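Student: Sending over a structure as structure tokens; questions will come in a sec.
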Amino acid sequence: MIQNIANGRLNKFFKESCLMEQEYVQDSKLTVGQFLDNSQKGLVVVDFKRVNLNED
């Protein structure tokens with residue numbers, strides 16, 4: 001049971017932190033990685049910028 005809880009927390013972390021696992025903005029049913037595969041095979045992310053709107 002503890003292993004399932006740990007797996008769930010890791011999956012949530014990856015979904016929020018890894019670009020390819022995040023929800024695609026225009027269609028929340030797809031991840032960014034799935035969108036790239038559906039658009040054209042072989043597309044990869046080369047560079048991205050992370051923007052923080054908070055002044056933390």
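So you can find residues: chains in the structure tokens are A, B, ... in the order shown, residues in each start at 1, and ligands are numbered from 1 in order.
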Which residues, written as a count of residues only, have at least one atom at most 12 Å from Val45 in chain A, with only C-alpha atoms counted and residues fewer than 2 positions away on the same chain left out?
Tutor: 13
Student: Check chain A with DSSP on the backbone and list each residue it calls alpha helix (DSSP H), as a PyMOL selection string.
Tutor: chain A and resi 2-17+32-39
Student: Convert the current residue selection to file output with N, CA, C and O atoms, as a short mmCIF file (atom, residue, chain, number, x, y, z; two decimals), in the first residue's frame.
Tutor:
data_model
loop_
_atom_site.label_atom_id
_atom_site.label_comp_id
_atom_site.auth_asym_id
_atom_site.auth_seq_id
_atom_site.Cartn_x
_atom_site.Cartn_y
_atom_site.Cartn_z
N ILE A 2 1.92 1.25 0.80
CA ILE A 2 2.82 2.40 0.85
C ILE A 2 3.50 2.60 -0.50
O ILE A 2 3.72 3.74 -0.93
N GLN A 3 3.80 1.50 -1.18
CA GLN A 3 4.42 1.59 -2.50
C GLN A 3 3.49 2.27 -3.50
O GLN A 3 3.93 3.08 -4.32
N ASN A 4 2.20 1.99 -3.42
CA ASN A 4 1.23 2.64 -4.31
C ASN A 4 1.14 4.13 -4.03
O ASN A 4 1.01 4.93 -4.95
N ILE A 5 1.20 4.52 -2.76
CA ILE A 5 1.17 5.93 -2.40
C ILE A 5 2.41 6.63 -2.94
O ILE A 5 2.33 7.72 -3.51
N ALA A 6 3.57 6.00 -2.78
CA ALA A 6 4.81 6.58 -3.29
C ALA A 6 4.77 6.72 -4.81
O ALA A 6 5.18 7.75 -5.36
N ASN A 7 4.27 5.71 -5.50
CA ASN A 7 4.16 5.77 -6.96
C ASN A 7 3.22 6.89 -7.39
O ASN A 7 3.48 7.60 -8.36
N GLY A 8 2.12 7.06 -6.68
CA GLY A 8 1.18 8.12 -7.00
C GLY A 8 1.80 9.50 -6.83
O GLY A 8 1.61 10.39 -7.66
N ARG A 9 2.57 9.68 -5.76
CA ARG A 9 3.22 10.97 -5.54
C ARG A 9 4.30 11.24 -6.58
O ARG A 9 4.45 12.37 -7.04
N LEU A 10 5.04 10.22 -6.96
CA LEU A 10 6.06 10.39 -8.00
C LEU A 10 5.42 10.74 -9.34
O LEU A 10 5.89 11.62 -10.06
N ASN A 11 4.34 10.06 -9.68
CA ASN A 11 3.64 10.36 -10.93
C ASN A 11 3.12 11.79 -10.94
O ASN A 11 3.19 12.49 -11.95
N LYS A 12 2.59 12.25 -9.81
CA LYS A 12 2.10 13.62 -9.71
C LYS A 12 3.25 14.61 -9.88
O LYS A 12 3.13 15.61 -10.57
N PHE A 13 4.39 14.31 -9.25
CA PHE A 13 5.56 15.19 -9.38
C PHE A 13 6.00 15.29 -10.83
O PHE A 13 6.25 16.39 -11.35
N PHE A 14 6.12 14.15 -11.53
CA PHE A 14 6.55 14.17 -12.91
C PHE A 14 5.55 14.88 -13.81
O PHE A 14 5.92 15.60 -14.73
N LYS A 15 4.26 14.70 -13.53
CA LYS A 15 3.22 15.35 -14.32
C LYS A 15 3.29 16.87 -14.19
O LYS A 15 3.04 17.59 -15.14
N GLU A 16 3.69 17.36 -13.03
CA GLU A 16 3.76 18.80 -12.81
C GLU A 16 5.12 19.38 -13.19
O GLU A 16 5.20 20.55 -13.57
N SER A 17 6.19 18.61 -13.11
CA SER A 17 7.54 19.15 -13.26
C SER A 17 8.20 18.89 -14.60
O SER A 17 9.04 19.67 -15.03
N VAL A 32 2.11 17.32 -23.46
CA VAL A 32 2.92 18.00 -24.46
C VAL A 32 3.60 16.98 -25.37
O VAL A 32 3.64 17.15 -26.59
N GLY A 33 4.10 15.90 -24.81
CA GLY A 33 4.74 14.86 -25.60
C GLY A 33 3.78 14.21 -26.59
O GLY A 33 4.14 13.96 -27.75
N GLN A 34 2.55 13.94 -26.16
CA GLN A 34 1.56 13.35 -27.05
C GLN A 34 1.20 14.32 -28.17
O GLN A 34 1.02 13.91 -29.32
N PHE A 35 1.09 15.60 -27.84
CA PHE A 35 0.78 16.59 -28.86
C PHE A 35 1.87 16.63 -29.93
O PHE A 35 1.58 16.69 -31.12
N LEU A 36 3.13 16.61 -29.50
CA LEU A 36 4.23 16.63 -30.46
C LEU A 36 4.21 15.40 -31.35
O LEU A 36 4.42 15.50 -32.56
N ASP A 37 3.94 14.23 -30.77
CA ASP A 37 3.85 13.00 -31.58
C ASP A 37 2.69 13.05 -32.56
O ASP A 37 2.81 12.59 -33.70
N ASN A 38 1.55 13.60 -32.12
CA ASN A 38 0.39 13.68 -33.00
C ASN A 38 0.58 14.70 -34.11
O ASN A 38 0.05 14.54 -35.20
N SER A 39 1.32 15.78 -33.83
CA SER A 39 1.54 16.82 -34.83
C SER A 39 2.40 16.32 -35.97
O SER A 39 2.06 16.47 -37.14
#
Student: Mind giving me the straight-line distance from CA of Asn52 in chain A to CA of Glu21 in chain A in Å, one decimal?
Tutor: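 These two atoms are separated by 18.8 Å.
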Student: State, in Å with one decimal place, the distance from CA of Glu55 in chain A to CA of Thr31 in chain A.
Tutor: 27.7 Å
